[in-house]
Every structure is written in C-alpha cells, then in structure tokens.
Protein chains: 2
Amino acid sequence: MNKKDVVLGVDIGGTNTAFGYVDREGNLQAEGGMKTEADRPSAEFFERLHNEAETLFKSICGNYSLVGIGLGAPNANYYKGTIEQPPNLSWDYVDVVAALKRWYSIPVALTNDANAAALGEMLFGAAKGMKNFIVITLGTGVGSGIVANGELIYGHDGFAGEIGHTTIVPNGRQCGCGRRGCLETYASASGICRTMTELLQTKTTPSELRTMSPDQITSKRIFEAAQHGDALALEAFDMTGRYLGTKLTDSVAHTSPEAIILFGGLAAAGDFIFTPTKKYMEEYMLNIFKNKVRLLPSGLPKGNSAILGAAALIWKELLKA
Amino acid sequence: MNKKDVVLGVDIGGTNTAFGYVDREGNLQAEGGMKTEADRPSAEFFERLHNEAETLFKSICGNYSLVGIGLGAPNANYYKGTIEQPPNLSWDYVDVVAALKRWYSIPVALTNDANAAALGEMLFGAAKGMKNFIVITLGTGVGSGIVANGELIYGHDGFAGEIGHTTIVPNGRQCGCGRRGCLETYASASGICRTMTELLQTKTTPSELRTMSPDQITSKRIFEAAQHGDALALEAFDMTGRYLGTKLTDSVAHTSPEAIILFGGLAAAGDFIFTPTKKYMEEYMLNIFKNKVRLLPSGLPKGNSAILGAAALIWKELLKA
C-alpha cells in the first residue's frame with residue numbers, strides 16, 4: 001500500500017507549542033499541542049516535542065510517511081537553523097536543526113512566524129500561484145514575510161522582512177526595538193490601544209471605553225466598541241488603517257507585489273481595518289501602482305495557520321529539490 | 001578560429017544614446033553614440049540605431065559573434081519589452097523588442113536605468129558574487145534596483161524598485177510624481193539644490209553660493225563649495241546624507257542586503273555624501289542590522305557604466321539559459 005507523505009509542522013510560541021502532520025495539499029492530518037515551558041532548558045523542550053510528536057504519529061502511522069520537519073519560532077534564523085535571543089523564551093541560542101537531528105534524519109528547517117505565514121499563504125492559502133506578494137502579521141507586534149520572484153526573501157543575514165520596524169512617524173512613539181516611530185507602534189494590536197488611549201485623552205467624544213484604565217483597553221475591546229458604533233473606536237481603526245495603508249505604499253515601491261495579505265489578531269477585525277487601510281493605501285500610492293495591489297485576508301484556516309505555515313516551509317524545500 | 005561572444009548594450013537617454021559591444025567579462029570591445037532625437041518617431045530611432053550598431057560591428061566583426069541585445073531606458077518594462085510614457089521622450093508607447101526583432105533573431109531584453117545599473121554591478125562591478133544588494137542611483141532623480149536571492153526584483157508589474165518614491169518627510173517637499181516628501185525630493189542632485197536654497201534662506205552663515213540665484217545653484221557647484229570648505233555646502237551634504245541614510249534603514253528592513261551601492265552623479269561627491277549617509281544609516285539602523293550593511297561606490301568604469309548595465313541585463317539572461 002502506498003503511504004501518503006506528510007511533514008511535521010511546529011509552531012513554537014512563548015507559552016504554547018502547536019504541531020501537526022500536514023500533507024502536500026495542506027491538509028492537517030493530525031494535530032497536538034503542549035506547553036512550551038520556556039523557562040526550562042531547550043533540550044528538555046525538544047525531548048518532549050519529539051515524544052509528543054512520535055505518539056501522535058503512531059496514532060496515524062500505518063498510512064503516512066514522514067518526509068520533513070518545518071518549524072516557526074520567534075527570532076529564528078533560516079540560514080543557520082537557530083533561534084537567537086528570542087523574546088519571551090529564556091533560551092539564549094538554540095541550534096534547533098541539530099537538536100532534532102538527534103532523532104530524525106529527514107530535512108529540518110525553521111524560520112520566523114511571519115515568514116512561515118507567507119509560505120503558508122503561498123502553498124495553501126490566499127497567495128496560491130502568486131510570485132510577488134507580502135504578508136503582514138498584525139499581532140502584538142507587526143511582522144512581515146516578503147516573496148519576490150517566487151522565493152521568500154531572507155536577505156543576506158536571514159533576518160529580512162522587518163517591515164514592522166520601518167519608520168512611519170519620524171521621532172514618533174517609542175518602540176520596543178529602541179527606536180522611535182516604527183510602524184509596529186501604530187499598526188499592531190498594542191499600537192491601536194495606544195491610539196485609543198490618546199484619543200480618549202485628547203477628545204471629549206463619548207465612548208464606552210472611557211470607564212476603563214489604559215491597561216484594560218485591549219484591541220478586542222476596541223473591536224467590540226467599534227461593532228457597537230462607538231465613534232472613538234471607529235476613529236482608532238481609521239487612524240490605524242491610515243498609518244498602515246500609507247506605509248504599505250513604501251513596501252509596494254520596493255517590491256511591487258500582486259497582493260498584500262493582512263494576517264493575525266488585528267486583521268480579524270475585518271472591514272474595520274481593511275477598509276481604511278485600502279482607502280489610504282490607494283490615496284497615497286505612487287501613480288504607476290494605483291489600483292494594482294490587492295489587499296487580502298489570510299486564506300488559511302484560523303486556528304491552524306501557524307502549523308500550516310511551518311509545514312509549508314519544509315514542503316517548499318522538498319518540492320524544490 | 002573561435003569567435004568571441006559579445007552582446008550589444010544600449011543606453012537610451014533623453015538626449016543621447018550610447019551603445020557598445022560587451023564580452024562576458026564586461027570588457028567593452030567597441031562603443032558608439034548618437035543623438036536620440038526623441039522628438040522624431042521611435043521607428044526612425046531604431047532604424048538609425050540598427051545602422052550605427054551594424055557599422056560599428058563590421059569594424060570589429062571578424063572576431064566576434066553577436067549573441068544578444070540589452071537595453072536600458074526610462075520607464076522600460078522588462079516583462080513586456082516596452083517603453084511606456086517615458087519622461088523626456090515624445091514616444092508614447094514603444095514595443096522595443098518587436099522593433100529590434102525586425103533585424104535581429106537573437107534574444108533582446110530591456111529594463112530601466114537603475115535596474116540595468118544593479119545588474120551591471122552584479123556581473124561586472126561592486127556587487128560581484130553578491131546575492132542580496134541594492135543599487136541607489138542618485139541623479140536628477142533617485143532610482144533603485146533591488147536584488148534578492150540572486151535575482152533582480154521586477155515585481156508583479158515590472159516596475160518594482162521605486163525607492164526614490166518612498167516617503168521620508170510626511171507632507172514634505174512636492175515631488176514630480178504628484179505626492180509629497182518622496183526621498184527623491186531630498187536625496188537627488190535636484191534635492192540637494194533645494195536643501196542648499198533653503199539653508200541660504202534660513203541661515204546667515206556666509207557662503208560662496210550666496211551670490212547665485214536659485215537656478216544657478218547646481219549639485220556640482222555645491223560640491224565645489226564643499227571642497228573649498230564652505231560651511232553651508234557641507235551642511236547641505238550632511239542633511240542630504242541624513243535623509244538618505246535614515247531612509248535606507250527602511251530598505252534594509254525589507255530585504256536585508258549585504259551592501260548598498262550609491263551610483264550616479266551625486267555619488268561622485270565621494271566622502272561628502274558617503275560619510276554622512278553611512279553615519280546616519282548606522283545611527284538609525286534596527287539593532288539586528290547594525291554594522292552589517294556595506295555602503296559602496298559603483299565598481300563600474302565611469303563613462304561606460306550605463307552600456308555595461310544594459311549589456312549585463314542580457315548576459316544575465318543568456319547565462320541563466
């Protein structure tokens with residue numbers, strides 16, 4: 001009987017790690033999860049991951065052949081196969097590929113979450129068949145994965161695609177990176193909270209969020225207020241879309257993508273974020289690019305997009321070979 | 001006797017057109033030039049170009065075999081082989097490849113000047129062996145050619161690489177493109193003249209350029225004044241380097257290049273432009289990219305760089321095949 005090829009896709013997060021077996025068509029055949037326990041040594045993590053993944057594989061193994069492992073992780077370096085000084089993980093430097101090669105002799109590759117998302121969209125999602133596109137992940141921060149000529153851009157050092165740390169407001173908001181005015185400080189989930197707090201301080205417009213302290217204000221609450229028609233919440237989305245949309249014209253001027261895909265938490269706000277982003281993007285776009293670039297939501301199934309992205313990384317490698 | 005393969009490289013400018021035969025190593029074996037006469041129909045231009053190029057080829061032909069034609073031209077579209085609404089040329093839309101195929105059955109390709117410059121640097125100049133780099137052309141305007149994964153980025157529509165039209169000052173100087181605050185309005189030869197004029201208006205510092213009217217001030221004169229130690233001219237270069245250097249960090253965040261090559265008129269000012277550009281670029285760079293990106297002058301011989309760039313375009317195609 002012919003076995004079906006699958007890869008193991010792993011998404012390593014600060015708190016939880018999700019994994020699953022994904023076939024060539026992007027179907028998740030089985031999935032599992034575990035605590036990352038990022039305060040424990042990384043060796044323990046990989047030992048547990050291997051055991052959990054093996055157990056899951058045995059439950060489906062009669063029909064499948066494991067052909068590769070792809071991982072998405074913060075601060076992952078594709079060229080070196082390492083994780084370096086990841087935020088929210090106490091591991092300083094981990095050679096991930098070497099750690100997994102103890103048990104596996106199949107191809108292993110890893111990259112950061114945004115690059116994995118871009119590859120996921122290209123193989124299984126909204127960017128199927130596209131050779132030039134950009135994925136922007138709007139989470140706590142802003143990440144990006146850029147594909148040109150059908151290939152993900154890792155750049156010279158493996159860290160390309162930091163659109164979240166391009167400058168939208170010179171001398172603007174303080175960013176976690178140490179600089180000021182980065183796109184991430186305006187267009188992320190935390191950025192829209194800062195915008196909302198500013199609006200509450202500088203305007204007198206009534207808002208259901210006025211009774212909350214700044215640290216109670218979350219992007220989810222702003223979204224809910226916007227759904228209720230809250231004028232200030234709607235203005236916060238409009239401003240966020242303006243920051244993002246105008247700045248995306250810079251990215252278009254670099255690589256002239258066919259589409260920009262908005263991915264992650266804040267993108268789930270749908271029209272509240274897509275409509276102003278598209279409007280200001282077109283308004284500000286250089287003439288030769290006007291009305292050429294599609295702004296799309298992710299085409300990956302929600303809960304599983306990170307596993308599919310990690311799996312896509314290694315499927316892309318395998319299909320190239 | 002074995003013939004040596006050469007390609008015809010053609011640089012079409014608003015006033016003059018230069019062409020020459022270039023071998024695989026980037027040696028210019030013979031060169032010629034003619035007036036573009038851009039107010040005459042494009043068909044006449046290509047007829048003359050063919051005749052002139054043939055005459056030149058006959059003068060060297062015993063030893064050479066012509067294997068391709070590469071052209072650099074304003075508003076050239078690589079995918080379509082066309083020139084579309086070029087500035088400074090009265091031709092509305094020209095199918096260049098079709099025009100040349102009347103006489104030639106060898107491969108023909110064209111792209112814009114900045115992309116040709118990038119390919120020239122990659123094959124014959126400062127970017128030899130590099131797979132990720134950016135060329136910035138600092139002429140009357142600012143152009144760019146971006147190479148990632150060893151391939152020039154043309155983007156979805158063939159017009160990628162418009163870094164000159166990314167925004168450095170929101171609501172800043174009026175740009176020829178209709179928008180405001182584009183890098184081109186600050187970091188080009190015309191941009192430094194605008195900066196100099198502003199400095200003369202807003203400061204009382206003595207300067208040898210004070211006796212000139214704004215339209216007498218050229219980038220060459222600012223360069224000469226800087227060589228004489230003129231404080232305002234030096235400040236104009238410092239400001240220009242600051243605009244350019246800080247903005248280049250955005251480009252680095254996109255594609256993480258190994259090097260950025262400054263090319264064209266203003267780059268010839270050497271240390272006056274390189275020193276402040278490098279200083280502000282490093283000062284403003286995202287930590288993970290600090291001190292990783294080299295800032296280099298062109299490695300192509302001056303007068304011939306445009307012909308070599310156009311020739312590199314078609315050599316790159318031929319070597320791929």
# chains A, B, ... in the order shown; residues from 1 in each chain; ligands from 1
$ closest_atom_pairs --of "chain B" --to "chain A" --cutoff "7 Å" --atoms "only C-alpha atoms" --output "Markdown table"
| residue | atom | partner | partner_atom | distance |
| --- | --- | --- | --- | --- |
| B:Asn132 | CA | A:His156 | CA | 5.7 |
| B:Ala148 | CA | A:Ile153 | CA | 6.4 |
| B:Asn149 | CA | A:Ile153 | CA | 6.8 |
| B:Ile153 | CA | A:Thr255 | CA | 6.4 |
| B:Gly155 | CA | A:Ser256 | CA | 4.5 |
| B:His156 | CA | A:Glu258 | CA | 5.3 |
| B:Asp157 | CA | A:Ser256 | CA | 6.8 |
| B:Phe159 | CA | A:Ser256 | CA | 6.6 |
| B:Ala160 | CA | A:Ser256 | CA | 4.7 |
| B:Gly161 | CA | A:His254 | CA | 4.7 |
| B:Glu162 | CA | A:Ala253 | CA | 4.8 |
| B:Ile163 | CA | A:His254 | CA | 5.9 |
| B:His165 | CA | A:Ala253 | CA | 6.9 |
| B:Thr166 | CA | A:Asp250 | CA | 4.9 |
| B:Thr167 | CA | A:Asp250 | CA | 7.0 |
| B:Asp250 | CA | A:Thr166 | CA | 4.9 |
| B:Ala253 | CA | A:Glu162 | CA | 4.8 |
| B:His254 | CA | A:Gly161 | CA | 4.7 |
| B:Thr255 | CA | A:Ala160 | CA | 4.9 |
| B:Ser256 | CA | A:Gly155 | CA | 4.5 |
| B:Pro257 | CA | A:His156 | CA | 5.4 |
| B:Glu258 | CA | A:His156 | CA | 5.3 |
$ residues_around --residues "Phe237 of chain B" --least-positions-apart "2" --cutoff "12 Å" --atoms "only C-alpha atoms" --output "PDB file with N, CA, C and O atoms, in the first residue's frame"
ATOM      1  N   TYR B 186      14.721  64.961  -1.787  1.00  0.00           N
ATOM      2  CA  TYR B 186      15.765  65.336  -0.819  1.00  0.00           C
ATOM      3  C   TYR B 186      17.141  64.806  -1.194  1.00  0.00           C
ATOM      4  O   TYR B 186      18.137  65.492  -0.987  1.00  0.00           O
ATOM      5  N   ALA B 187      17.197  63.591  -1.740  1.00  0.00           N
ATOM      6  CA  ALA B 187      18.496  62.922  -1.867  1.00  0.00           C
ATOM      7  C   ALA B 187      19.017  62.859  -3.298  1.00  0.00           C
ATOM      8  O   ALA B 187      19.979  62.162  -3.582  1.00  0.00           O
ATOM      9  N   SER B 188      18.399  63.601  -4.207  1.00  0.00           N
ATOM     10  CA  SER B 188      18.859  63.635  -5.592  1.00  0.00           C
ATOM     11  C   SER B 188      19.723  64.875  -5.815  1.00  0.00           C
ATOM     12  O   SER B 188      19.874  65.719  -4.922  1.00  0.00           O
ATOM     13  N   ALA B 189      20.272  65.009  -7.027  1.00  0.00           N
ATOM     14  CA  ALA B 189      21.027  66.214  -7.383  1.00  0.00           C
ATOM     15  C   ALA B 189      20.126  67.442  -7.255  1.00  0.00           C
ATOM     16  O   ALA B 189      20.541  68.485  -6.732  1.00  0.00           O
ATOM     17  N   GLY B 191      17.490  67.557  -5.319  1.00  0.00           N
ATOM     18  CA  GLY B 191      17.139  67.637  -3.900  1.00  0.00           C
ATOM     19  C   GLY B 191      18.163  68.413  -3.095  1.00  0.00           C
ATOM     20  O   GLY B 191      17.808  69.251  -2.254  1.00  0.00           O
ATOM     21  N   ILE B 192      19.441  68.167  -3.351  1.00  0.00           N
ATOM     22  CA  ILE B 192      20.473  68.876  -2.586  1.00  0.00           C
ATOM     23  C   ILE B 192      20.463  70.372  -2.949  1.00  0.00           C
ATOM     24  O   ILE B 192      20.757  71.222  -2.103  1.00  0.00           O
ATOM     25  N   CYS B 193      20.067  70.685  -4.184  1.00  0.00           N
ATOM     26  CA  CYS B 193      19.943  72.107  -4.561  1.00  0.00           C
ATOM     27  C   CYS B 193      18.805  72.766  -3.776  1.00  0.00           C
ATOM     28  O   CYS B 193      18.932  73.915  -3.328  1.00  0.00           O
ATOM     29  N   ARG B 194      17.696  72.030  -3.596  1.00  0.00           N
ATOM     30  CA  ARG B 194      16.587  72.577  -2.803  1.00  0.00           C
ATOM     31  C   ARG B 194      17.015  72.765  -1.347  1.00  0.00           C
ATOM     32  O   ARG B 194      16.664  73.767  -0.710  1.00  0.00           O
ATOM     33  N   THR B 195      17.770  71.809  -0.836  1.00  0.00           N
ATOM     34  CA  THR B 195      18.257  71.909   0.544  1.00  0.00           C
ATOM     35  C   THR B 195      19.184  73.113   0.688  1.00  0.00           C
ATOM     36  O   THR B 195      19.085  73.887   1.653  1.00  0.00           O
ATOM     37  N   MET B 196      20.083  73.291  -0.297  1.00  0.00           N
ATOM     38  CA  MET B 196      21.034  74.413  -0.262  1.00  0.00           C
ATOM     39  C   MET B 196      20.281  75.737  -0.287  1.00  0.00           C
ATOM     40  O   MET B 196      20.605  76.660   0.477  1.00  0.00           O
ATOM     41  N   LEU B 199      18.796  76.408   3.044  1.00  0.00           N
ATOM     42  CA  LEU B 199      19.819  76.803   4.025  1.00  0.00           C
ATOM     43  C   LEU B 199      20.220  78.264   3.823  1.00  0.00           C
ATOM     44  O   LEU B 199      20.402  79.009   4.792  1.00  0.00           O
ATOM     45  N   SER B 219      24.225  70.881  -8.228  1.00  0.00           N
ATOM     46  CA  SER B 219      24.893  69.983  -7.286  1.00  0.00           C
ATOM     47  C   SER B 219      26.406  70.059  -7.468  1.00  0.00           C
ATOM     48  O   SER B 219      27.166  69.903  -6.511  1.00  0.00           O
ATOM     49  N   LYS B 220      26.834  70.307  -8.711  1.00  0.00           N
ATOM     50  CA  LYS B 220      28.278  70.433  -8.975  1.00  0.00           C
ATOM     51  C   LYS B 220      28.853  71.636  -8.231  1.00  0.00           C
ATOM     52  O   LYS B 220      29.927  71.562  -7.632  1.00  0.00           O
ATOM     53  N   ILE B 222      27.628  73.023  -5.529  1.00  0.00           N
ATOM     54  CA  ILE B 222      27.613  72.745  -4.083  1.00  0.00           C
ATOM     55  C   ILE B 222      28.812  71.871  -3.723  1.00  0.00           C
ATOM     56  O   ILE B 222      29.483  72.086  -2.713  1.00  0.00           O
ATOM     57  N   PHE B 223      29.104  70.909  -4.598  1.00  0.00           N
ATOM     58  CA  PHE B 223      30.262  70.032  -4.404  1.00  0.00           C
ATOM     59  C   PHE B 223      31.559  70.848  -4.381  1.00  0.00           C
ATOM     60  O   PHE B 223      32.409  70.675  -3.494  1.00  0.00           O
ATOM     61  N   GLU B 224      31.692  71.764  -5.351  1.00  0.00           N
ATOM     62  CA  GLU B 224      32.905  72.596  -5.404  1.00  0.00           C
ATOM     63  C   GLU B 224      33.024  73.461  -4.147  1.00  0.00           C
ATOM     64  O   GLU B 224      34.107  73.604  -3.570  1.00  0.00           O
ATOM     65  N   ALA B 225      31.899  74.041  -3.719  1.00  0.00           N
ATOM     66  CA  ALA B 225      31.918  74.861  -2.500  1.00  0.00           C
ATOM     67  C   ALA B 225      32.332  74.009  -1.294  1.00  0.00           C
ATOM     68  O   ALA B 225      33.129  74.444  -0.451  1.00  0.00           O
ATOM     69  N   ALA B 226      31.809  72.777  -1.230  1.00  0.00           N
ATOM     70  CA  ALA B 226      32.177  71.882  -0.124  1.00  0.00           C
ATOM     71  C   ALA B 226      33.679  71.603  -0.140  1.00  0.00           C
ATOM     72  O   ALA B 226      34.333  71.578   0.911  1.00  0.00           O
ATOM     73  N   GLN B 227      34.219  71.428  -1.353  1.00  0.00           N
ATOM     74  CA  GLN B 227      35.670  71.209  -1.469  1.00  0.00           C
ATOM     75  C   GLN B 227      36.466  72.407  -0.948  1.00  0.00           C
ATOM     76  O   GLN B 227      37.581  72.259  -0.455  1.00  0.00           O
ATOM     77  N   GLY B 229      35.556  74.062   1.551  1.00  0.00           N
ATOM     78  CA  GLY B 229      35.283  74.147   2.987  1.00  0.00           C
ATOM     79  C   GLY B 229      34.086  75.024   3.332  1.00  0.00           C
ATOM     80  O   GLY B 229      33.883  75.374   4.501  1.00  0.00           O
ATOM     81  N   ASP B 230      33.257  75.354   2.346  1.00  0.00           N
ATOM     82  CA  ASP B 230      32.070  76.191   2.571  1.00  0.00           C
ATOM     83  C   ASP B 230      31.129  75.522   3.580  1.00  0.00           C
ATOM     84  O   ASP B 230      30.617  74.421   3.338  1.00  0.00           O
ATOM     85  N   ALA B 231      30.890  76.205   4.710  1.00  0.00           N
ATOM     86  CA  ALA B 231      30.150  75.577   5.817  1.00  0.00           C
ATOM     87  C   ALA B 231      28.725  75.188   5.408  1.00  0.00           C
ATOM     88  O   ALA B 231      28.238  74.105   5.756  1.00  0.00           O
ATOM     89  N   LEU B 232      28.054  76.042   4.667  1.00  0.00           N
ATOM     90  CA  LEU B 232      26.668  75.726   4.282  1.00  0.00           C
ATOM     91  C   LEU B 232      26.604  74.580   3.273  1.00  0.00           C
ATOM     92  O   LEU B 232      25.695  73.752   3.321  1.00  0.00           O
ATOM     93  N   ALA B 233      27.554  74.554   2.367  1.00  0.00           N
ATOM     94  CA  ALA B 233      27.596  73.453   1.396  1.00  0.00           C
ATOM     95  C   ALA B 233      27.831  72.130   2.130  1.00  0.00           C
ATOM     96  O   ALA B 233      27.196  71.107   1.824  1.00  0.00           O
ATOM     97  N   LEU B 234      28.725  72.161   3.118  1.00  0.00           N
ATOM     98  CA  LEU B 234      28.970  70.951   3.912  1.00  0.00           C
ATOM     99  C   LEU B 234      27.711  70.549   4.672  1.00  0.00           C
ATOM    100  O   LEU B 234      27.390  69.364   4.777  1.00  0.00           O
ATOM    101  N   GLU B 235      26.985  71.547   5.167  1.00  0.00           N
ATOM    102  CA  GLU B 235      25.750  71.246   5.883  1.00  0.00           C
ATOM    103  C   GLU B 235      24.702  70.650   4.936  1.00  0.00           C
ATOM    104  O   GLU B 235      23.953  69.744   5.306  1.00  0.00           O
ATOM    105  N   MET B 239      22.919  67.114   5.553  1.00  0.00           N
ATOM    106  CA  MET B 239      21.462  66.923   5.595  1.00  0.00           C
ATOM    107  C   MET B 239      21.023  65.897   4.566  1.00  0.00           C
ATOM    108  O   MET B 239      20.167  65.041   4.825  1.00  0.00           O
ATOM    109  N   THR B 240      21.618  65.962   3.372  1.00  0.00           N
ATOM    110  CA  THR B 240      21.273  65.024   2.305  1.00  0.00           C
ATOM    111  C   THR B 240      21.621  63.600   2.732  1.00  0.00           C
ATOM    112  O   THR B 240      20.837  62.657   2.530  1.00  0.00           O
ATOM    113  N   GLY B 241      22.790  63.446   3.350  1.00  0.00           N
ATOM    114  CA  GLY B 241      23.204  62.136   3.855  1.00  0.00           C
ATOM    115  C   GLY B 241      22.286  61.650   4.968  1.00  0.00           C
ATOM    116  O   GLY B 241      22.026  60.452   5.088  1.00  0.00           O
ATOM    117  N   ARG B 242      21.788  62.596   5.771  1.00  0.00           N
ATOM    118  CA  ARG B 242      20.889  62.194   6.856  1.00  0.00           C
ATOM    119  C   ARG B 242      19.558  61.689   6.287  1.00  0.00           C
ATOM    120  O   ARG B 242      19.062  60.644   6.677  1.00  0.00           O
ATOM    121  N   TYR B 243      19.003  62.434   5.323  1.00  0.00           N
ATOM    122  CA  TYR B 243      17.764  61.973   4.691  1.00  0.00           C
ATOM    123  C   TYR B 243      17.972  60.589   4.071  1.00  0.00           C
ATOM    124  O   TYR B 243      17.204  59.664   4.292  1.00  0.00           O
ATOM    125  N   LEU B 244      19.037  60.472   3.296  1.00  0.00           N
ATOM    126  CA  LEU B 244      19.274  59.220   2.583  1.00  0.00           C
ATOM    127  C   LEU B 244      19.585  58.077   3.560  1.00  0.00           C
ATOM    128  O   LEU B 244      18.992  56.994   3.473  1.00  0.00           O
ATOM    129  N   GLY B 245      20.484  58.325   4.494  1.00  0.00           N
ATOM    130  CA  GLY B 245      20.925  57.282   5.424  1.00  0.00           C
ATOM    131  C   GLY B 245      19.793  56.757   6.300  1.00  0.00           C
ATOM    132  O   GLY B 245      19.627  55.541   6.454  1.00  0.00           O
ATOM    133  N   LEU B 266      25.399  62.330  -8.002  1.00  0.00           N
ATOM    134  CA  LEU B 266      25.632  62.811  -6.646  1.00  0.00           C
ATOM    135  C   LEU B 266      26.590  61.890  -5.884  1.00  0.00           C
ATOM    136  O   LEU B 266      27.327  62.346  -4.998  1.00  0.00           O
ATOM    137  N   ALA B 267      26.611  60.603  -6.241  1.00  0.00           N
ATOM    138  CA  ALA B 267      27.512  59.661  -5.575  1.00  0.00           C
ATOM    139  C   ALA B 267      28.966  60.005  -5.876  1.00  0.00           C
ATOM    140  O   ALA B 267      29.876  59.663  -5.104  1.00  0.00           O
ATOM    141  N   ALA B 269      30.293  62.693  -5.518  1.00  0.00           N
ATOM    142  CA  ALA B 269      30.796  63.620  -4.495  1.00  0.00           C
ATOM    143  C   ALA B 269      31.580  62.882  -3.413  1.00  0.00           C
ATOM    144  O   ALA B 269      32.106  63.509  -2.488  1.00  0.00           O
ATOM    145  N   GLY B 270      31.656  61.555  -3.522  1.00  0.00           N
ATOM    146  CA  GLY B 270      32.525  60.757  -2.642  1.00  0.00           C
ATOM    147  C   GLY B 270      32.209  60.921  -1.166  1.00  0.00           C
ATOM    148  O   GLY B 270      31.044  60.844  -0.760  1.00  0.00           O
ATOM    149  N   ASP B 271      33.263  61.148  -0.373  1.00  0.00           N
ATOM    150  CA  ASP B 271      33.096  61.226   1.085  1.00  0.00           C
ATOM    151  C   ASP B 271      32.057  62.249   1.524  1.00  0.00           C
ATOM    152  O   ASP B 271      31.420  62.068   2.561  1.00  0.00           O
ATOM    153  N   PHE B 272      31.900  63.332   0.758  1.00  0.00           N
ATOM    154  CA  PHE B 272      30.923  64.355   1.157  1.00  0.00           C
ATOM    155  C   PHE B 272      29.524  63.758   1.308  1.00  0.00           C
ATOM    156  O   PHE B 272      28.760  64.163   2.164  1.00  0.00           O
ATOM    157  N   ILE B 273      29.199  62.767   0.481  1.00  0.00           N
ATOM    158  CA  ILE B 273      27.886  62.138   0.590  1.00  0.00           C
ATOM    159  C   ILE B 273      27.957  60.793   1.331  1.00  0.00           C
ATOM    160  O   ILE B 273      27.073  60.448   2.116  1.00  0.00           O
ATOM    161  N   PHE B 274      29.038  60.021   1.092  1.00  0.00           N
ATOM    162  CA  PHE B 274      29.135  58.697   1.727  1.00  0.00           C
ATOM    163  C   PHE B 274      29.256  58.789   3.252  1.00  0.00           C
ATOM    164  O   PHE B 274      28.620  58.010   3.974  1.00  0.00           O
ATOM    165  N   THR B 275      30.083  59.718   3.746  1.00  0.00           N
ATOM    166  CA  THR B 275      30.331  59.773   5.197  1.00  0.00           C
ATOM    167  C   THR B 275      29.057  60.064   5.991  1.00  0.00           C
ATOM    168  O   THR B 275      28.718  59.296   6.905  1.00  0.00           O
ATOM    169  N   PRO B 276      28.303  61.135   5.680  1.00  0.00           N
ATOM    170  CA  PRO B 276      27.074  61.331   6.463  1.00  0.00           C
ATOM    171  C   PRO B 276      26.030  60.251   6.223  1.00  0.00           C
ATOM    172  O   PRO B 276      25.312  59.854   7.153  1.00  0.00           O
ATOM    173  N   THR B 277      25.927  59.735   5.004  1.00  0.00           N
ATOM    174  CA  THR B 277      24.932  58.695   4.733  1.00  0.00           C
ATOM    175  C   THR B 277      25.192  57.473   5.608  1.00  0.00           C
ATOM    176  O   THR B 277      24.289  56.934   6.257  1.00  0.00           O
TER     177      THR B 277
END
$ select_by_dssp --residues "segment 54-286 of chain A" --states "alpha helix (DSSP H)" --output "PyMOL selection string"
chain A and resi 54-58+96-101+113-124+184-187+189-202+219-227+231-255+271-284
$ closest_residue --among "B:Gly26, B:Trp91, B:Gly265, B:Leu49" --to "Leu119 of chain B" --atoms "only C-alpha atoms"
B:Gly26
$ residues_around --residues "Ala114 of chain B" --least-positions-apart "5" --cutoff "10 Å" --atoms "only C-alpha atoms" --output "list in words"
Gly72, Ala73, Pro74, Leu119, Gly120, Ile134, Val135, Ile136, Thr137, Leu138, Val142, Gly143, Ser144, Gly145, Ile146, Gly161, Glu162, Phe263, Gly264, Ala306, Gly309 and Ala310 of chain B
$ closest_residue --among "B:Ala76, B:Gly33, B:Ala118, B:Arg221" --to "Asn51 of chain B" --atoms "only C-alpha atoms"
B:Gly33
$ residues_around --residues "segment 302-304 of chain A" --least-positions-apart "6" --cutoff "10 Å" --atoms "only C-alpha atoms" --output "PyMOL selection string"
chain A and resi 11+18-20+28+31+263-264+268
$ atom_distance --atom1 "atom CA of Thr202 of chain A" --atom2 "atom CA of Asp215 of chain A"
17.5 Å
$ residues_around --residues "Asn16 of chain B" --least-positions-apart "4" --cutoff "10 Å" --atoms "only C-alpha atoms" --output "list of chain:residue names"
B:Asp11, B:Ile12, B:Gly33, B:Met34, B:Lys35, B:Thr36, B:Glu37, B:Ala38
$ write_last_selection --atoms "C-alpha atoms" --output "compact mmCIF listing (two decimals), in the first residue's frame"
# COMPACT_ATOMS: atom_id res chain seq x y z
CA ASP B 11 21.59 53.10 -23.07
CA ILE B 12 18.74 55.26 -24.35
CA GLY B 33 26.93 57.06 -29.72
CA MET B 34 24.24 59.06 -31.44
CA LYS B 35 21.60 61.68 -30.72
CA THR B 36 18.35 60.15 -29.51
CA GLU B 37 16.26 62.79 -31.36
CA ALA B 38 13.38 61.94 -29.09
$ atom_distance --atom1 "atom CA of Lys278 of chain A" --atom2 "atom CA of Tyr79 of chain B"
26.7 Å
$ residues_around --residues "Phe46 of chain B" --least-positions-apart "3" --cutoff "10 Å" --atoms "only C-alpha atoms" --output "number ranges by chain"
B: 36, 41-43, 49-52, 96, 99-100, 102
$ select_by_dssp --residues "segment 143-253 of chain A" --states "strand (DSSP E or B)" --output "ChimeraX atom specification"
/A:143-148,151-152,167,174,180,182
